[in-house]
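Asker: There's a structure below that I have some questions on.
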Amino acid sequence: LLNINVGGKLFQIAYKVLAKYPITRLGKLALYTDPVKKLQLCDDYLVQKNEYFFDRDPSIFHYIFHFYRSGVLWVMDEMCPSNFVEEIEYWGIHLKYSQRCCRILFEEKRDELSEYLKIEKELEAELEPLESGAQFDGKFLGRFRKMVWNLIENPYSSVPAKIIAVMSSFFVLISIVGMTLSTVEEMKNKTGKMWMEQMEMICAIFFTSEYVMRLISSSSFKNFLRAAFNAIDLVAILPFYIQILFENLDDGDMQYHEELHKVENVSKLGKVLKLIKLMRIFRILKLARHSTGLRAFSFTMRQCYQQVCCLLLFIAMGVFTFSALIHSVEHDVPGTDFTSIPCAWWWAAVSLSTVGYGDTVPDTILGRMVAFVCISFGIILNGMPISILYNKFSDYYAKLKAHEMSQ
């Protein structure tokens, strides 16, 4: 018998049993005749008791011991997958010796643990700023840039930093309200227009100052430009300056071009200006910098992109299928709106989404039966991913909030 001491517990195994598995650590220990090689396989050797000592987990070695006696490696649910894999790799035993049912459940649990650790790491990275205060040590104006960085990026560092964070959210809301009010007919008079322009100028000045402060406090210009939040900040301030540029170009064209050409130019510039003004709606994305809920929603969409893509694929398949069915049963009806399959796409889309505007409806009994099946399929289709997405969103939101509070 080979005497083995694992973490203070003694085990005895026959040499002939260990010799059946010559590639394992204990199999080599039983087969080797050179004492030097044997000592390389264990942590210590007690000459008096003839015991080979291993500084490993004795609770897991019970399963290793059972494997040598029965030839089957049992895997229990309560064990940590990472720890168990590390232990069996140390003893030189492969997971293939376990039963297929145990192996499948174990690998599923290990994949779940790996996915959990990966998500935890990504969640922590979501809240970690791109820069840190230590990166400014020894750099040009490092002390000043660190102070600016704390002021603009770390709202919990001081009261002024918290005020700036609140002001940033306040100016975003003011800007969105101003853009909304500018479309109201009563606000299009001279006084209302002047107030809207002044409000837009104040918001643009604040956003520009905020962007410049972030640029100054960045330790890497390349990383600054690659950051998603900084790109949103740039999109928030560009429309104001592009609008000023186009208005100046508009004035120049009014002075130097002929009447017909001037009218065409004004028309083109007006369309471009409308498009540029519409870009101001992206300013609302700036709220994600200070909103844990928006970050959790964005993180959920990134993590569940496969489920979302599957949902869109099923919706597209449903739209094509039910539009073809409704066209085949309704196209002979006089005055029907289902004159072609593309014309039926809109009906199929609003029916699958269970909105049902009622602008296009089937007239025949067969058409109504198709509509009923389409709506039923839409209810089932929309109900499947909602619980998954909501559960993941609530989980990610709670974790982000916990990480934020700990920081």
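Here, A, B, ... name the chains of the structure tokens in the order displayed, residue numbers run from 1 inside each chain, and ligands are numbered from 1 in the same displayed order.
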Can you pull out the residues contacting Thr24 (chain A)? Cut-off 10 Å, using only C-alpha atoms, and skip same-chain residues under 3 positions away; I want them as a list in words.

Answerer: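 Residues near the query, excluding close chain neighbours: Leu18, Ala19, Lys20, Tyr21, Gly27, Lys28, Leu29, Ala30, Ile88, Glu89, Tyr90, Trp91, Gly92, Ile93 and His94 of chain A.
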
Asker: Residues within 12 Å of Asn83 (chain A), please, as number ranges by chain. Count only C-alpha atoms; anything in the same chain fewer than 4 positions from it doesn't count.

Answerer: A: 56-57, 59-61, 78-79, 87-90, 110, 113

Asker: Since we have the selection now, will you write its residues out, keeping N, CA, C and O atoms, as a CSV table (one decimal), in the first residue's frame?

Answerer:
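Done, and the output landed in part-v8.csv:
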chain,number,residue,atom,x,y,z
A,56,ARG,N,-2.5,19.8,-0.4
A,56,ARG,CA,-3.7,20.0,-1.2
A,56,ARG,C,-5.0,19.9,-0.4
A,56,ARG,O,-4.9,19.5,0.8
A,57,ASP,N,-6.1,20.1,-1.1
A,57,ASP,CA,-7.4,20.1,-0.4
A,57,ASP,C,-7.8,18.7,-0.1
A,57,ASP,O,-8.1,17.9,-1.1
A,59,SER,N,-10.6,17.5,1.1
A,59,SER,CA,-12.1,17.3,0.8
A,59,SER,C,-12.3,16.9,-0.7
A,59,SER,O,-13.1,16.0,-1.0
A,60,ILE,N,-11.5,17.5,-1.6
A,60,ILE,CA,-11.6,17.2,-3.0
A,60,ILE,C,-10.9,15.9,-3.3
A,60,ILE,O,-11.2,15.1,-4.1
A,61,PHE,N,-9.8,15.6,-2.5
A,61,PHE,CA,-9.1,14.4,-2.7
A,61,PHE,C,-9.9,13.1,-2.5
A,61,PHE,O,-9.6,12.0,-3.0
A,78,GLU,N,-22.1,21.0,-5.2
A,78,GLU,CA,-21.7,22.0,-4.2
A,78,GLU,C,-20.2,22.5,-4.4
A,78,GLU,O,-19.8,23.4,-3.7
A,79,MET,N,-19.4,21.8,-5.2
A,79,MET,CA,-18.0,22.2,-5.4
A,79,MET,C,-17.8,23.3,-6.3
A,79,MET,O,-18.6,23.5,-7.3
A,87,GLU,N,-7.7,21.3,-9.0
A,87,GLU,CA,-7.2,20.1,-8.2
A,87,GLU,C,-7.0,18.9,-9.1
A,87,GLU,O,-6.0,18.2,-9.0
A,88,ILE,N,-8.0,18.6,-10.0
A,88,ILE,CA,-7.8,17.4,-10.8
A,88,ILE,C,-6.7,17.5,-11.8
A,88,ILE,O,-6.0,16.5,-12.2
A,89,GLU,N,-6.4,18.8,-12.2
A,89,GLU,CA,-5.3,19.0,-13.1
A,89,GLU,C,-4.0,18.7,-12.4
A,89,GLU,O,-3.0,18.2,-12.9
A,90,TYR,N,-3.9,19.1,-11.1
A,90,TYR,CA,-2.7,18.9,-10.3
A,90,TYR,C,-2.5,17.3,-10.2
A,90,TYR,O,-1.3,16.9,-10.3
A,110,ARG,N,-19.6,25.6,-15.0
A,110,ARG,CA,-18.3,26.3,-15.2
A,110,ARG,C,-18.4,27.4,-16.2
A,110,ARG,O,-17.9,28.5,-16.0
A,113,LEU,N,-20.2,30.2,-14.4
A,113,LEU,CA,-19.3,31.0,-13.6
A,113,LEU,C,-18.4,31.9,-14.4
A,113,LEU,O,-18.1,33.0,-14.0

Asker: So that each row is one residue of region 258-354 of chain A with an atom at most 12 Å from region 231-234 of chain A, can you give its shortest atom pair and the distance in Å to one decimal, using only C-alpha atoms, rows by chain and rising number, as a Markdown table?

Answerer:
| residue | atom | partner | partner_atom | distance |
| --- | --- | --- | --- | --- |
| A:Met279 | CA | A:Ile232 | CA | 10.7 |
| A:Arg280 | CA | A:Ile232 | CA | 10.5 |
| A:Ile281 | CA | A:Ile232 | CA | 10.9 |
| A:Phe282 | CA | A:Ile232 | CA | 7.3 |
| A:Arg283 | CA | A:Ile232 | CA | 7.2 |
| A:Ile284 | CA | A:Ile232 | CA | 9.3 |
| A:Leu285 | CA | A:Ile232 | CA | 6.9 |
| A:Lys286 | CA | A:Ile232 | CA | 6.6 |
| A:Leu287 | CA | A:Ile232 | CA | 10.2 |
| A:Ala288 | CA | A:Ile232 | CA | 10.0 |
| A:Arg289 | CA | A:Ile232 | CA | 9.9 |

Asker: Pick out the residues sitting within 6 Å of region 215-226 of chain A, and hand them over as JSON, numbers by chain; count only C-alpha atoms, and ignore anything fewer than 6 positions along from it in its own chain.

Answerer: {"A": [145, 148, 149]}

Asker: Export N, CA, C and O atoms of the chosen residues as an mmCIF file, in the first residue's frame?

Answerer:
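New file result32.cif:
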data_model
loop_
_atom_site.group_PDB
_atom_site.id
_atom_site.type_symbol
_atom_site.label_atom_id
_atom_site.label_comp_id
_atom_site.auth_asym_id
_atom_site.auth_seq_id
_atom_site.Cartn_x
_atom_site.Cartn_y
_atom_site.Cartn_z
ATOM 1 N N ARG A 145 -3.837 69.571 -13.972
ATOM 2 C CA ARG A 145 -4.680 68.672 -14.758
ATOM 3 C C ARG A 145 -5.409 67.660 -13.868
ATOM 4 O O ARG A 145 -6.548 67.286 -14.142
ATOM 5 N N VAL A 148 -8.318 69.485 -12.387
ATOM 6 C CA VAL A 148 -9.387 69.629 -13.383
ATOM 7 C C VAL A 148 -10.092 68.289 -13.595
ATOM 8 O O VAL A 148 -11.324 68.224 -13.712
ATOM 9 N N TRP A 149 -9.304 67.214 -13.624
ATOM 10 C CA TRP A 149 -9.872 65.878 -13.834
ATOM 11 C C TRP A 149 -10.820 65.511 -12.687
ATOM 12 O O TRP A 149 -11.913 64.991 -12.922
#

Asker: Need the shell around Trp346 (chain A): protein/DNA/RNA residues with any atom at most 10 Å away, counting only C-alpha atoms. Skip same-chain ones fewer than 4 positions apart. Format as a list in words?

Answerer: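 Surrounding residues, per the criterion: Val319, Ser323, Ile341, Pro342, Val350, Ser351, Leu352, Asp359 and Thr360 of chain A.
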
Asker: Hey, what's within 10 Å of Ile152 (chain A) if we count only C-alpha atoms and toss same-chain stuff fewer than 5 positions away? As a list in words, please?

Answerer: Lys146, Met147, Ser157, Pro160, Ala161, Lys162, Ile163, Ile164, Ala165, Ser168, Glu210, Tyr211, Met213, Arg214 and Ser217 of chain A

Asker: Quick check, in Å to one decimal: how far apart do CA of Tyr396 (chain A) and CA of Ile379 (chain A) lie?

Answerer: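 Distance between the two atoms: 26.4 Å.
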
Asker: Looking at only C-alpha atoms, which of A:Cys203, A:Met301, A:Val47, A:Leu73 is the one that sits closest to Phe393 (chain A)?

Answerer: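 That would be A:Met301, the residue with the smallest distance to Phe393 (chain A).
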
Asker: Would you pick out the contacts of Pro334 (chain A) at 12 Å or less, using only C-alpha atoms, so that residues sharing its chain but fewer than 4 positions from it are not included, and give the list as an MDAnalysis selection string?

Answerer: chainID A and resid 330 338:339 362:364

Asker: Could you write those residues out with C-alpha atoms, as a short mmCIF file (atom, residue, chain, number, x, y, z; two decimals), in the first residue's frame?

Answerer:
data_model
loop_
_atom_site.label_atom_id
_atom_site.label_comp_id
_atom_site.auth_asym_id
_atom_site.auth_seq_id
_atom_site.Cartn_x
_atom_site.Cartn_y
_atom_site.Cartn_z
CA GLU A 330 -57.24 39.51 -49.73
CA PHE A 338 -53.34 44.57 -49.78
CA THR A 339 -52.50 45.04 -53.46
CA PRO A 362 -58.79 42.49 -43.74
CA ASP A 363 -62.34 42.10 -45.06
CA THR A 364 -62.68 38.36 -45.65
#

Asker: Go ahead and compute the interatomic distance for CA of Ile375 (chain A) and CA of Gly335 (chain A), in Å to one decimal.

Answerer: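 Separation of CA of Ile375 (chain A) and CA of Gly335 (chain A): 23.5 Å.
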
Asker: Hey, what's within 10 Å of Lys401 (chain A) if we count only C-alpha atoms and toss same-chain stuff fewer than 4 positions away? As a ChimeraX atom specification, please?

Answerer: /A:127,292-293,296,395-397,405-407
